[in-house]
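Peer 1: Sharing a structure with you now.
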Amino acid sequence: LTGAGPTDLRKHYRTVKTVLRRRDLCDPYFVGKFAFSPYHACAHGCLYCDGRAERYFVEGEFDHDIVIRSNAPALLDLELGKQRERGIVFIGSGVSDSYQPPEREEELMRSCARVLGEHSMAASVLTKSGLVLRDLDLWEEVNRRAGFLLMMSIQTLDESIRRMFEPACSPIEERLSVLAAFKARGCTVGVAAMPFLPYISDSDADLNALAERLAAAGVDFALFGGLTLRPGCQKDFFLRGLSASFPDLVERYGALYGENRPSGAPLVSYSRDLNRRAAAAFHRVSLPTLVPHRIYRDRLPLYDEIYVLLQQMSVLYTGRTREVERLNASLACYRAWLLERKKIFNRRRKQRSIDLEYALIDLARSQDWPRFLGNEKLAAFLREVVIDRRVFDPLTLRLV
Ligand code: SF4
């Protein structure tokens, strides 16, 4: 059975007080406005998992002691009913995979998918498990009502590397076929190509082969990222595993992660080089390296959509070595305006999300708009997005 997890798993059933997290500012990376997870800790047991770091306060053995939030579906129903804003519910975290082995019997995600469909809330799932295919019927319904996005995490095409570093996750081919099945049923599919492992899965040949395979599979985008090793449990555990499989690399990893930054980031020079090479590999096959605007534009309130778009433009333009100082200054103005508006929105329970959307439309139509952003060209560009509903293409950096 693929993705079965350890046989001596210990399940800890908990009743939690709250399950849904809401962000005032939408996450521009996974484009989640809400998030939840029915589990804490992860039986997939990836060697590199960030969830082993002390900051996440996982009790017991990370891949054996799994907390099961048994009232997650009921609470989700309750908490979604209280929301005054629409948005994408992101289900995935660095500390647990929602389709990890216990889900096979618990079926919490199946119940949660049903709840999301009933509330017509858009959702995205990030997983390394083919088990998500079991719930295709329910996610298809969520997609029909509000939008659904499936993201698989795939950092290598080499099955022997996968077995070493992601022992209880589904094989790569299975993940790709699950993506194809969701795509065939009209869902958006993406890949989180991370974490590339230094000297193991990060060569130009590895990156190009993965990019070509994903493009051929028809995925809509691929996010990418390198390995972080936070000092303490996560780093120690990973290095023990590495020395068993790749003893020759331990010294090189020691040099790369020797600064022991709290974030776990490697040397800046390595990250820069990896980011440049990965971006080039995906660009070569015309795969966007962020969630494209066309995917989230109708699934977020307009004011969140513009915030995400500005953040993404800043990242993309920086990657193409364009000048971003003025863009970032405009982004800061917009962010401050949005936060202020959200503060009022949160206080006044009778205010509706649509009122805030109209406030943005009025601002974008007004003569003040260019002065407000401090950038005439950007103001004209955003007017076309806000008023004419044009779409930003992350490959050409143009509106279509
Ligand atoms: S699937 Fe994700 S959360 Fe689970 S162990 Fe692997 S990296 Fe960690």
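Following the order of the structure tokens, chains are lettered A, B, ..., residues in each are numbered from 1, and ligands are numbered from 1.
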List as a ChimeraX atom specification the protein and nucleic acid residues lying within 9 Å of ligand 1, with only C-alpha atoms and all ligand atoms counted.
Peer 2: /A:40-52,62-63,92-100,126-129,153,165-169,195
Peer 1: I'd like the contact shell of stretch 274-288 of chain A - 7 Å cut-off, only C-alpha atoms, skipping same-chain residues fewer than 5 positions apart - returned as a ChimeraX atom specification.
Peer 2: /A:204,207-208,211-212,215,221-222,394-395
Peer 1: As a PyMOL selection string, please: the residues near stretch 82-91 of chain A (cut-off 8 Å, only C-alpha atoms, same-chain neighbours under 5 positions excluded).
Peer 2: chain A and resi 30-37+98+121-126+299-301+352-353
Peer 1: Name the residues in contact with A:Leu356 at a cut-off of 9 Å, using only C-alpha atoms, excluding same-chain residues fewer than 5 positions from it; report them as a PyMOL selection string.
Peer 2: chain A and resi 301-303+341-342+345+351+361
Peer 1: List as a PyMOL selection string the protein and nucleic acid residues near stretch 307-314 of chain A, meaning an atom at most 9 Å away when only C-alpha atoms are counted, but skip any in the same chain fewer than 6 places from it.
Peer 2: chain A and resi 25-29+31+290-291+293+324+327-328+330-331+334-335+338+392+394+397
Peer 1: Enumerate, as JSON, numbers by chain, the complete set of residues in stretch 62-242 of chain A that a backbone-based DSSP assignment places in helix (DSSP H, G or I).
Peer 2: {"A": [72, 73, 74, 75, 76, 77, 78, 79, 80, 81, 103, 104, 105, 106, 108, 109, 110, 111, 112, 113, 114, 115, 116, 117, 118, 130, 131, 132, 133, 134, 135, 136, 137, 138, 139, 140, 141, 142, 143, 144, 145, 159, 160, 161, 162, 163, 164, 165, 172, 173, 174, 175, 176, 177, 178, 179, 180, 181, 182, 183, 184, 204, 205, 206, 207, 208, 209, 210, 211, 212, 213, 214, 215, 216, 233, 234, 235, 236, 237, 238, 239, 240, 241, 242]}
Peer 1: Which of these residues is nearest to A:Ile66, using only C-alpha atoms: A:Lys11, A:Pro370, A:Lys17, A:Leu133?
Peer 2: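 The shortest atom-to-atom distance to A:Ile66 comes from A:Lys11.
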Peer 1: Could you check which of A:Ser111, A:Asn143, A:Thr228, A:Thr7 is closest to A:Ile295, using only C-alpha atoms?
Peer 2: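 Ranking A:Ser111, A:Asn143, A:Thr228, A:Thr7 by distance to A:Ile295, first place goes to A:Asn143.
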Peer 1: If you run DSSP on the backbone, which residues of stretch 127-332 of chain A are strand (DSSP E or B), as a ChimeraX atom specification?
Peer 2: /A:127,148-153,188-196,221-226
